[in-house]
>>> print(open('work-v1.pdb').read())   # PDB, C-alpha atoms, pLDDT in the B column
ATOM      1  CA  MET H   4      54.186  39.080  65.253  1.00 46.00           C
ATOM      2  CA  LYS H   5      55.396  37.808  61.890  1.00 43.00           C
ATOM      3  CA  GLY H   6      58.133  35.550  60.648  1.00 39.00           C
ATOM      4  CA  GLY H   7      59.910  35.534  57.317  1.00 34.00           C
ATOM      5  CA  LEU H   8      62.944  37.680  58.022  1.00 33.00           C
ATOM      6  CA  SER H   9      65.435  38.105  55.228  1.00 32.00           C
ATOM      7  CA  PRO H  10      68.768  36.227  55.548  1.00 31.00           C
ATOM      8  CA  VAL H  11      70.676  39.429  56.282  1.00 29.00           C
ATOM      9  CA  PHE H  12      68.426  40.154  59.277  1.00 28.00           C
ATOM     10  CA  LEU H  13      68.786  36.615  60.593  1.00 29.00           C
ATOM     11  CA  ASN H  14      72.556  36.633  60.153  1.00 31.00           C
ATOM     12  CA  ALA H  15      72.790  39.922  62.030  1.00 30.00           C
ATOM     13  CA  ALA H  16      71.162  38.366  65.089  1.00 31.00           C
ATOM     14  CA  ARG H  17      73.998  35.917  65.565  1.00 31.00           C
ATOM     15  CA  SER H  18      76.497  36.646  68.314  1.00 30.00           C
ATOM     16  CA  SER H  19      80.261  36.539  67.970  1.00 29.00           C
ATOM     17  CA  ASP H  20      80.625  32.940  69.097  1.00 29.00           C
ATOM     18  CA  THR H  21      78.935  31.773  65.882  1.00 26.00           C
ATOM     19  CA  GLY H  22      81.949  32.945  63.925  1.00 29.00           C
ATOM     20  CA  ALA H  23      79.730  34.732  61.430  1.00 28.00           C
ATOM     21  CA  ALA H  24      81.839  36.776  59.053  1.00 28.00           C
ATOM     22  CA  ASN H  25      79.428  39.570  58.171  1.00 31.00           C
ATOM     23  CA  ASP H  26      79.199  43.276  58.920  1.00 31.00           C
ATOM     24  CA  ASP H  27      76.593  42.780  61.632  1.00 33.00           C
ATOM     25  CA  ALA H  28      78.463  40.151  63.621  1.00 33.00           C
ATOM     26  CA  VAL H  29      79.305  40.937  67.231  1.00 38.00           C
ATOM     27  CA  PRO H  30      83.086  40.962  67.577  1.00 37.00           C
ATOM     28  CA  GLY H  31      84.226  40.162  71.090  1.00 43.00           C
ATOM     29  CA  LEU H  32      80.944  40.839  72.882  1.00 47.00           C
ATOM     30  CA  GLY H  33      82.085  40.591  76.485  1.00 47.00           C
ATOM     31  CA  GLY H  34      79.978  39.712  79.484  1.00 53.00           C
ATOM     32  CA  ASP H  35      81.582  42.503  81.533  1.00 76.00           C
ATOM     33  CA  HIS H  36      79.898  45.279  79.546  1.00 85.00           C
ATOM     34  CA  GLN H  37      77.167  47.052  81.530  1.00 94.00           C
ATOM     35  CA  VAL H  38      74.672  49.463  80.004  1.00 95.00           C
ATOM     36  CA  GLY H  39      71.813  51.555  81.357  1.00 94.00           C
ATOM     37  CA  PRO H  40      68.514  49.848  82.249  1.00 96.00           C
ATOM     38  CA  ASN H  41      66.560  51.942  79.745  1.00 96.00           C
ATOM     39  CA  ALA H  42      67.946  49.619  77.071  1.00 96.00           C
ATOM     40  CA  VAL H  43      65.492  47.093  78.592  1.00 97.00           C
ATOM     41  CA  ILE H  44      62.763  49.241  80.151  1.00 98.00           C
ATOM     42  CA  GLN H  45      61.889  51.202  77.024  1.00 98.00           C
ATOM     43  CA  ILE H  46      62.068  48.198  74.686  1.00 98.00           C
ATOM     44  CA  ARG H  47      59.650  46.368  76.970  1.00 98.00           C
ATOM     45  CA  ALA H  48      57.246  49.326  76.981  1.00 98.00           C
ATOM     46  CA  ALA H  49      57.464  49.910  73.224  1.00 98.00           C
ATOM     47  CA  LEU H  50      56.968  46.212  72.483  1.00 98.00           C
ATOM     48  CA  ILE H  51      53.888  46.006  74.721  1.00 98.00           C
ATOM     49  CA  ASP H  52      52.367  49.037  73.000  1.00 98.00           C
ATOM     50  CA  ALA H  53      53.111  47.651  69.538  1.00 97.00           C
ATOM     51  CA  GLU H  54      52.343  43.949  69.944  1.00 97.00           C
ATOM     52  CA  GLY H  55      50.530  43.524  73.266  1.00 97.00           C
ATOM     53  CA  ALA H  56      51.648  42.259  76.671  1.00 97.00           C
ATOM     54  CA  GLY H  57      51.211  38.586  75.773  1.00 97.00           C
ATOM     55  CA  CYS H  58      53.453  38.775  72.736  1.00 96.00           C
ATOM     56  CA  ALA H  59      56.008  40.891  74.602  1.00 98.00           C
ATOM     57  CA  ARG H  60      56.221  38.390  77.437  1.00 97.00           C
ATOM     58  CA  ARG H  61      56.757  35.525  74.981  1.00 97.00           C
ATOM     59  CA  VAL H  62      59.668  37.376  73.401  1.00 98.00           C
ATOM     60  CA  PHE H  63      61.287  37.917  76.800  1.00 98.00           C
ATOM     61  CA  MET H  64      60.655  34.272  77.743  1.00 98.00           C
ATOM     62  CA  ASP H  65      62.115  32.971  74.478  1.00 97.00           C
ATOM     63  CA  ALA H  66      65.214  35.044  75.196  1.00 97.00           C
ATOM     64  CA  GLY H  67      65.398  33.553  78.709  1.00 97.00           C
ATOM     65  CA  LEU H  68      64.783  36.972  80.219  1.00 97.00           C
ATOM     66  CA  GLU H  69      61.321  36.654  81.753  1.00 96.00           C
ATOM     67  CA  ASP H  70      62.769  38.019  85.002  1.00 97.00           C
ATOM     68  CA  TRP H  71      63.254  41.367  83.238  1.00 97.00           C
ATOM     69  CA  PHE H  72      59.696  41.318  81.964  1.00 97.00           C
ATOM     70  CA  ASP H  73      58.201  40.610  85.380  1.00 96.00           C
ATOM     71  CA  THR H  74      60.442  43.070  87.227  1.00 96.00           C
ATOM     72  CA  VAL H  75      62.103  45.739  85.126  1.00 95.00           C
ATOM     73  CA  PRO H  76      65.709  46.483  86.124  1.00 96.00           C
ATOM     74  CA  ASP H  77      66.526  49.669  88.001  1.00 93.00           C
ATOM     75  CA  ARG H  78      70.314  49.581  87.697  1.00 94.00           C
ATOM     76  CA  MET H  79      73.012  48.849  85.128  1.00 95.00           C
ATOM     77  CA  VAL H  80      72.468  45.596  83.212  1.00 96.00           C
ATOM     78  CA  PRO H  81      74.775  43.197  81.330  1.00 96.00           C
ATOM     79  CA  ALA H  82      75.033  44.205  77.687  1.00 96.00           C
ATOM     80  CA  ALA H  83      75.225  40.551  76.628  1.00 95.00           C
ATOM     81  CA  ARG H  84      71.719  39.935  78.013  1.00 96.00           C
ATOM     82  CA  VAL H  85      70.369  43.063  76.308  1.00 97.00           C
ATOM     83  CA  HIS H  86      71.893  41.866  73.046  1.00 97.00           C
ATOM     84  CA  ARG H  87      70.165  38.520  73.552  1.00 97.00           C
ATOM     85  CA  LEU H  88      66.835  40.334  73.925  1.00 98.00           C
ATOM     86  CA  ASN H  89      67.454  42.457  70.841  1.00 98.00           C
ATOM     87  CA  SER H  90      68.426  39.373  68.837  1.00 97.00           C
ATOM     88  CA  GLU H  91      65.207  37.613  69.880  1.00 97.00           C
ATOM     89  CA  LEU H  92      63.221  40.654  68.778  1.00 97.00           C
ATOM     90  CA  LEU H  93      65.028  40.598  65.450  1.00 97.00           C
ATOM     91  CA  ALA H  94      64.245  36.918  64.946  1.00 97.00           C
ATOM     92  CA  SER H  95      60.613  37.158  66.131  1.00 96.00           C
ATOM     93  CA  LEU H  96      59.324  40.309  64.446  1.00 96.00           C
ATOM     94  CA  ASP H  97      59.111  41.270  60.806  1.00 95.00           C
ATOM     95  CA  GLY H  98      61.674  43.843  59.762  1.00 94.00           C
ATOM     96  CA  GLU H  99      59.314  46.818  59.751  1.00 96.00           C
ATOM     97  CA  THR H 100      57.935  46.063  63.213  1.00 97.00           C
ATOM     98  CA  PHE H 101      61.413  45.443  64.616  1.00 98.00           C
ATOM     99  CA  GLU H 102      62.578  48.810  63.294  1.00 97.00           C
ATOM    100  CA  ALA H 103      59.508  50.595  64.668  1.00 98.00           C
ATOM    101  CA  VAL H 104      59.807  49.026  68.143  1.00 98.00           C
ATOM    102  CA  MET H 105      63.516  49.766  68.434  1.00 98.00           C
ATOM    103  CA  ARG H 106      63.113  53.354  67.233  1.00 98.00           C
ATOM    104  CA  GLU H 107      60.241  53.976  69.624  1.00 98.00           C
ATOM    105  CA  ALA H 108      62.319  52.534  72.471  1.00 98.00           C
ATOM    106  CA  GLY H 109      65.164  54.838  71.472  1.00 97.00           C
ATOM    107  CA  ARG H 110      62.873  57.881  71.419  1.00 98.00           C
ATOM    108  CA  ARG H 111      61.566  57.009  74.879  1.00 97.00           C
ATOM    109  CA  THR H 112      65.107  56.555  76.151  1.00 96.00           C
ATOM    110  CA  GLY H 113      66.077  59.951  74.742  1.00 96.00           C
ATOM    111  CA  HIS H 114      63.118  61.628  76.434  1.00 96.00           C
ATOM    112  CA  TYR H 115      63.952  59.884  79.717  1.00 95.00           C
ATOM    113  CA  ILE H 116      67.479  61.282  79.527  1.00 94.00           C
ATOM    114  CA  LEU H 117      66.145  64.745  78.772  1.00 94.00           C
ATOM    115  CA  GLU H 118      63.714  64.642  81.678  1.00 94.00           C
ATOM    116  CA  ASN H 119      65.915  62.976  84.277  1.00 92.00           C
ATOM    117  CA  ARG H 120      69.596  63.351  83.407  1.00 90.00           C
ATOM    118  CA  ILE H 121      70.038  66.865  81.999  1.00 91.00           C
ATOM    119  CA  PRO H 122      69.439  69.717  84.457  1.00 92.00           C
ATOM    120  CA  GLY H 123      66.846  72.296  83.505  1.00 94.00           C
ATOM    121  CA  PRO H 124      69.300  75.240  83.346  1.00 95.00           C
ATOM    122  CA  ALA H 125      71.580  73.259  81.030  1.00 94.00           C
ATOM    123  CA  LYS H 126      68.681  72.422  78.723  1.00 94.00           C
ATOM    124  CA  ARG H 127      67.568  76.043  78.602  1.00 95.00           C
ATOM    125  CA  LEU H 128      71.101  77.211  77.796  1.00 95.00           C
ATOM    126  CA  LEU H 129      71.587  74.636  75.043  1.00 95.00           C
ATOM    127  CA  LYS H 130      68.309  75.685  73.416  1.00 95.00           C
ATOM    128  CA  LEU H 131      69.521  79.298  73.322  1.00 95.00           C
ATOM    129  CA  LEU H 132      72.874  78.512  71.712  1.00 95.00           C
ATOM    130  CA  PRO H 133      73.458  78.359  67.954  1.00 94.00           C
ATOM    131  CA  ALA H 134      72.998  74.793  66.748  1.00 95.00           C
ATOM    132  CA  GLY H 135      76.707  74.191  66.138  1.00 94.00           C
ATOM    133  CA  LEU H 136      77.696  75.272  69.644  1.00 96.00           C
ATOM    134  CA  ALA H 137      74.867  73.311  71.257  1.00 96.00           C
ATOM    135  CA  ALA H 138      75.791  70.221  69.258  1.00 97.00           C
ATOM    136  CA  ARG H 139      79.430  70.479  70.358  1.00 97.00           C
ATOM    137  CA  ALA H 140      78.397  70.652  74.031  1.00 96.00           C
ATOM    138  CA  LEU H 141      75.965  67.784  73.614  1.00 96.00           C
ATOM    139  CA  LEU H 142      78.633  65.617  71.964  1.00 97.00           C
ATOM    140  CA  LYS H 143      80.920  66.143  74.956  1.00 95.00           C
ATOM    141  CA  ALA H 144      78.148  65.106  77.330  1.00 93.00           C
ATOM    142  CA  ILE H 145      77.364  62.018  75.250  1.00 94.00           C
ATOM    143  CA  LYS H 146      81.004  60.929  75.247  1.00 94.00           C
ATOM    144  CA  ALA H 147      81.320  61.505  79.007  1.00 92.00           C
ATOM    145  CA  ASN H 148      78.269  59.297  79.639  1.00 91.00           C
ATOM    146  CA  SER H 149      78.794  56.770  76.851  1.00 93.00           C
ATOM    147  CA  TRP H 150      78.886  53.852  79.302  1.00 90.00           C
ATOM    148  CA  THR H 151      75.084  54.107  79.496  1.00 90.00           C
ATOM    149  CA  PHE H 152      74.681  52.953  75.872  1.00 93.00           C
ATOM    150  CA  ALA H 153      78.100  51.522  74.941  1.00 94.00           C
ATOM    151  CA  GLY H 154      79.408  49.870  78.101  1.00 91.00           C
ATOM    152  CA  LYS H 155      83.206  49.783  77.973  1.00 91.00           C
ATOM    153  CA  ALA H 156      83.336  50.211  74.206  1.00 93.00           C
ATOM    154  CA  GLY H 157      85.414  53.020  72.804  1.00 92.00           C
ATOM    155  CA  VAL H 158      83.341  56.042  71.811  1.00 96.00           C
ATOM    156  CA  ARG H 159      84.675  58.907  69.712  1.00 96.00           C
ATOM    157  CA  VAL H 160      82.838  62.120  68.852  1.00 97.00           C
ATOM    158  CA  THR H 161      83.690  64.648  66.172  1.00 97.00           C
ATOM    159  CA  PRO H 162      81.979  68.063  66.142  1.00 97.00           C
ATOM    160  CA  GLY H 163      81.027  69.727  62.897  1.00 95.00           C
ATOM    161  CA  HIS H 164      78.348  69.162  60.326  1.00 95.00           C
ATOM    162  CA  PRO H 165      77.683  66.362  60.199  1.00 96.00           C
ATOM    163  CA  ALA H 166      78.425  65.726  63.846  1.00 97.00           C
ATOM    164  CA  ILE H 167      79.815  62.214  64.233  1.00 97.00           C
ATOM    165  CA  ILE H 168      79.482  59.610  66.983  1.00 98.00           C
ATOM    166  CA  GLU H 169      81.488  56.394  66.590  1.00 96.00           C
ATOM    167  CA  ILE H 170      81.224  53.274  68.736  1.00 96.00           C
ATOM    168  CA  GLY H 171      84.061  50.770  68.413  1.00 93.00           C
ATOM    169  CA  ALA H 172      83.124  47.129  69.106  1.00 90.00           C
ATOM    170  CA  ASN H 173      79.548  48.151  69.897  1.00 93.00           C
ATOM    171  CA  PRO H 174      78.160  45.763  72.558  1.00 93.00           C
ATOM    172  CA  LEU H 175      74.571  46.328  71.319  1.00 95.00           C
ATOM    173  CA  PRO H 176      74.866  45.906  67.548  1.00 93.00           C
ATOM    174  CA  MET H 177      71.803  45.586  65.339  1.00 95.00           C
ATOM    175  CA  PRO H 178      71.146  46.195  61.636  1.00 94.00           C
ATOM    176  CA  GLY H 179      71.006  49.954  61.256  1.00 95.00           C
ATOM    177  CA  CYS H 180      71.259  50.409  65.044  1.00 97.00           C
ATOM    178  CA  PRO H 181      67.763  51.984  65.199  1.00 98.00           C
ATOM    179  CA  TRP H 182      67.758  52.237  69.010  1.00 98.00           C
ATOM    180  CA  HIS H 183      71.018  54.212  69.161  1.00 98.00           C
ATOM    181  CA  ALA H 184      70.028  56.370  66.187  1.00 98.00           C
ATOM    182  CA  ALA H 185      66.675  57.277  67.762  1.00 98.00           C
ATOM    183  CA  VAL H 186      68.300  58.150  71.105  1.00 97.00           C
ATOM    184  CA  PHE H 187      70.741  60.529  69.397  1.00 98.00           C
ATOM    185  CA  GLU H 188      68.051  61.976  67.135  1.00 98.00           C
ATOM    186  CA  THR H 189      65.756  62.725  70.088  1.00 97.00           C
ATOM    187  CA  LEU H 190      68.470  64.413  72.130  1.00 97.00           C
ATOM    188  CA  PHE H 191      69.781  66.575  69.307  1.00 97.00           C
ATOM    189  CA  ALA H 192      66.404  67.479  67.793  1.00 97.00           C
ATOM    190  CA  THR H 193      65.048  68.575  71.167  1.00 97.00           C
ATOM    191  CA  LEU H 194      68.058  70.605  72.299  1.00 96.00           C
ATOM    192  CA  LEU H 195      68.914  72.077  68.892  1.00 96.00           C
ATOM    193  CA  ARG H 196      65.213  72.888  68.337  1.00 94.00           C
ATOM    194  CA  ARG H 197      65.161  71.646  64.762  1.00 95.00           C
ATOM    195  CA  PRO H 198      64.708  68.384  62.839  1.00 95.00           C
ATOM    196  CA  VAL H 199      67.753  66.127  62.946  1.00 97.00           C
ATOM    197  CA  PHE H 200      68.553  63.302  60.547  1.00 97.00           C
ATOM    198  CA  VAL H 201      70.789  60.457  61.760  1.00 97.00           C
ATOM    199  CA  SER H 202      72.456  58.121  59.277  1.00 97.00           C
ATOM    200  CA  HIS H 203      74.314  54.960  60.264  1.00 97.00           C
ATOM    201  CA  ARG H 204      76.914  52.805  58.624  1.00 95.00           C
ATOM    202  CA  ILE H 205      79.434  50.183  59.655  1.00 93.00           C
ATOM    203  CA  ALA H 206      83.005  51.119  58.856  1.00 83.00           C
ATOM    204  CA  ALA H 207      85.102  48.506  57.096  1.00 64.00           C
ATOM    205  CA  ASP H 208      87.606  47.489  59.725  1.00 63.00           C
ATOM    206  CA  ARG H 209      88.906  44.435  61.531  1.00 69.00           C
ATOM    207  CA  THR H 210      86.449  45.139  64.310  1.00 76.00           C
ATOM    208  CA  ARG H 211      82.990  46.586  64.015  1.00 85.00           C
ATOM    209  CA  LEU H 212      82.824  50.376  64.131  1.00 93.00           C
ATOM    210  CA  ASP H 213      79.361  51.926  64.182  1.00 96.00           C
ATOM    211  CA  ARG H 214      79.386  55.434  62.735  1.00 96.00           C
ATOM    212  CA  PHE H 215      76.442  57.787  63.259  1.00 98.00           C
ATOM    213  CA  GLU H 216      76.308  61.034  61.297  1.00 98.00           C
ATOM    214  CA  LEU H 217      73.911  63.745  62.509  1.00 98.00           C
ATOM    215  CA  ARG H 218      72.715  66.496  60.190  1.00 97.00           C
ATOM    216  CA  TRP H 219      70.384  69.347  61.047  1.00 95.00           C
ATOM    217  CA  ARG H 220      70.621  71.920  58.281  1.00 78.00           C
ATOM    218  CA  SER H 221      70.816  72.055  54.515  1.00 47.00           C
ATOM    219  CA  GLN H 222      73.107  75.088  54.216  1.00 39.00           C
ATOM    220  CA  THR H 223      76.437  75.430  55.968  1.00 46.00           C
ATOM    221  CA  SER H 224      75.936  79.179  56.426  1.00 42.00           C
ATOM    222  CA  VAL H 225      73.022  78.848  58.850  1.00 45.00           C
ATOM    223  CA  ASP H 226      75.147  78.405  61.964  1.00 47.00           C
ATOM    224  CA  SER H 227      77.420  81.347  61.155  1.00 50.00           C
ATOM    225  CA  VAL H 228      74.362  83.595  60.856  1.00 46.00           C
ATOM    226  CA  GLU H 229      72.997  82.306  64.153  1.00 48.00           C
ATOM    227  CA  ALA H 230      76.369  82.761  65.830  1.00 46.00           C
ATOM    228  CA  SER H 231      76.588  86.371  64.620  1.00 45.00           C
ATOM    229  CA  ARG H 232      73.178  87.123  66.062  1.00 46.00           C
ATOM    230  CA  PHE H 233      74.012  85.376  69.336  1.00 45.00           C
ATOM    231  CA  MET H 234      77.364  87.154  69.783  1.00 44.00           C
ATOM    232  CA  SER H 235      76.302  90.617  68.619  1.00 46.00           C
ATOM    233  CA  PRO H 236      75.825  93.247  71.361  1.00 46.00           C
ATOM    234  CA  ARG H 237      72.258  94.107  72.262  1.00 44.00           C
TER     235      ARG H 237
END
>>> encode(input="work-v1.pdb", output="C-alpha cells")
Amino acid sequence: MKGGLSPVFLNAARSSDTGAANDDAVPGLGGDHQVGPNAVIQIRAALIDAEGAGCARRVFMDAGLEDWFDTVPDRMVPAARVHRLNSELLASLDGETFEAVMREAGRRTGHYILENRIPGPAKRLLKLLPAGLAARALLKAIKANSWTFAGKAGVRVTPGHPAIIEIGANPLPMPGCPWHAAVFETLFATLLRRPVFVSHRIAADRTRLDRFELRWRSQTSVDSVEASRFMSPR
C-alpha cells in the first residue's frame, strides 16, 4: 500500500457530517440504506488479490469492520458501513491501486449478477436482441433492482445512446464511482456482446447526482441495421 493521496481524493473520503462543500461529499448519507453484500464480498476478494490478505485485513480493521473480513456478509448490509470501508480504501491506497481494486470488485459483482441473478433464458434472449433493445430491457431490470447498489436512493434510467443511469444522493459515493461503473460495464458488455464504455460525472445540483453514460457503438446507424435484420422475415 502507498500513501500520498492528492487533496481531492482525501476530501472525497469525508462523509456528510464533516460539512465538506465539494462535489464528492456525501449529502445526507443515512444509516437506513441497505445494499447488497457483494459491495463488501467482492471488494474484500479484489483487495486480497491486489495487496495480500495481511494488508486487506488491516484496511478492514482500520475501518472498524474486521467482522466483515473474518466472516463475509450473506445478506443486505448497511450502506454507511460500506461507505466507511470504501473511504478507508481511498485513504490507504494510492489512487491507481484504489481505482484498480474498485473496478475489479465491480467486475466481479457484475459477473456474480450474471451468473446468479439473471436466468439463463433471459440472458440468451438479450444476447440475440439488437443492442438498443437489449440495453432498454437491461435498464429496466437495473432500475427494478437498484436497491442492491443504491439502497433507497432515487435511480432514474434513460434509454438511448448513450444509455443513462442516474443515482440521486448516492449512498456509496467515490471519486469517479469506479465500482458502479465497472458493474454497469460488465453487465452491458456481456449481454450486448460488444465493448461498452461508461463515463461518469457529478451533476451540479443541491444534492449529489451521479450520472453514468453508457456507449457501445461509434455510429448511430448500427442499431437500425441490426433491428432490420432481426425483424425481417426468414
>>> atom_distance(input="work-v1.pdb", atom1="atom CA of Glu102 of chain H", atom2="atom CA of Val160 of chain H")
24.9 Å
>>> closest_residue(input="work-v1.pdb", among="H:Leu142, H:Arg47, H:Asp97, H:Asn148", to="Asp70 of chain H", atoms="all atoms listed in the file")
H:Arg47
>>> resolve_selection(input="work-v1.pdb", expression="the PyMOL selection byres ((chain H and resi 170) around 6)", output="JSON, numbers by chain")
{"H": [157, 158, 169, 171, 173, 212, 213]}
>>> closest_residue(input="work-v1.pdb", among="H:Ala172, H:Asn119, H:Ile167, H:Pro124", to="Lys143 of chain H", atoms="all atoms listed in the file")
H:Ile167
>>> atom_distance(input="work-v1.pdb", atom1="atom CA of Val75 of chain H", atom2="atom CA of Ala147 of chain H")
25.6 Å
>>> resolve_selection(input="work-v1.pdb", expression="the PyMOL selection byres ((chain H and resi 140) around 12)", output="PyMOL selection string")
chain H and resi 125-126+128-130+132-139+141-147+160-163+166+190-191+194-195
>>> residues_near_point(input="work-v1.pdb", point="(55.5, 45.5, 70.9)", cutoff="10 Å", atoms="all atoms listed in the file", output="ChimeraX atom specification")
/H:4,46-60,62,92,96,100-101,103-105,107-108
>>> resolve_selection(input="work-v1.pdb", expression="the PyMOL selection byres ((chain H and resi 74) around 12)", output="PyMOL selection string")
chain H and resi 40+43-44+47+60+63+68-73+75-78
>>> write_last_selection(input="work-v1.pdb", atoms="C-alpha atoms", output="mmCIF file, in the coordinates of the input")
data_model
loop_
_atom_site.group_PDB
_atom_site.id
_atom_site.type_symbol
_atom_site.label_atom_id
_atom_site.label_comp_id
_atom_site.auth_asym_id
_atom_site.auth_seq_id
_atom_site.Cartn_x
_atom_site.Cartn_y
_atom_site.Cartn_z
ATOM 1 C CA PRO H 40 68.514 49.848 82.249
ATOM 2 C CA VAL H 43 65.492 47.093 78.592
ATOM 3 C CA ILE H 44 62.763 49.241 80.151
ATOM 4 C CA ARG H 47 59.650 46.368 76.970
ATOM 5 C CA ARG H 60 56.221 38.390 77.437
ATOM 6 C CA PHE H 63 61.287 37.917 76.800
ATOM 7 C CA LEU H 68 64.783 36.972 80.219
ATOM 8 C CA GLU H 69 61.321 36.654 81.753
ATOM 9 C CA ASP H 70 62.769 38.019 85.002
ATOM 10 C CA TRP H 71 63.254 41.367 83.238
ATOM 11 C CA PHE H 72 59.696 41.318 81.964
ATOM 12 C CA ASP H 73 58.201 40.610 85.380
ATOM 13 C CA VAL H 75 62.103 45.739 85.126
ATOM 14 C CA PRO H 76 65.709 46.483 86.124
ATOM 15 C CA ASP H 77 66.526 49.669 88.001
ATOM 16 C CA ARG H 78 70.314 49.581 87.697
#
>>> atom_distance(input="work-v1.pdb", atom1="atom CA of Arg110 of chain H", atom2="atom CA of His86 of chain H")
18.5 Å
>>> axis_aligned_box(input="work-v1.pdb", around="segment 160-168 of chain H", padding_each_side="3 Å", output="JSON")
{"center_x": 80.7, "center_y": 64.7, "center_z": 64.5, "size_x": 12.0, "size_y": 16.1, "size_z": 14.7}
>>> closest_residue(input="work-v1.pdb", among="H:Val38, H:Ala156, H:Ile168, H:Ala184", to="Ala82 of chain H", atoms="all atoms listed in the file")
H:Val38
>>> residues_around(input="work-v1.pdb", residues="Val199 of chain H", least_positions_apart="4", cutoff="7 Å", atoms="only C-alpha atoms", output="PyMOL selection string")
chain H and resi 188+191-192+217-219
>>> closest_residue(input="work-v1.pdb", among="H:Glu91, H:Ile205, H:Met177, H:Gly39", to="Arg61 of chain H", atoms="all atoms listed in the file")
H:Glu91
>>> residues_around(input="work-v1.pdb", residues="Arg84 of chain H", least_positions_apart="2", cutoff="10 Å", atoms="all atoms listed in the file", output="mmCIF file with C-alpha atoms, keeping the file's coordinate frame")
data_model
loop_
_atom_site.group_PDB
_atom_site.id
_atom_site.type_symbol
_atom_site.label_atom_id
_atom_site.label_comp_id
_atom_site.auth_asym_id
_atom_site.auth_seq_id
_atom_site.Cartn_x
_atom_site.Cartn_y
_atom_site.Cartn_z
ATOM 1 C CA GLY H 34 79.978 39.712 79.484
ATOM 2 C CA HIS H 36 79.898 45.279 79.546
ATOM 3 C CA GLN H 37 77.167 47.052 81.530
ATOM 4 C CA VAL H 43 65.492 47.093 78.592
ATOM 5 C CA ALA H 66 65.214 35.044 75.196
ATOM 6 C CA GLY H 67 65.398 33.553 78.709
ATOM 7 C CA LEU H 68 64.783 36.972 80.219
ATOM 8 C CA VAL H 80 72.468 45.596 83.212
ATOM 9 C CA PRO H 81 74.775 43.197 81.330
ATOM 10 C CA ALA H 82 75.033 44.205 77.687
ATOM 11 C CA HIS H 86 71.893 41.866 73.046
ATOM 12 C CA ARG H 87 70.165 38.520 73.552
ATOM 13 C CA LEU H 88 66.835 40.334 73.925
ATOM 14 C CA ASN H 89 67.454 42.457 70.841
ATOM 15 C CA SER H 90 68.426 39.373 68.837
ATOM 16 C CA LEU H 175 74.571 46.328 71.319
#
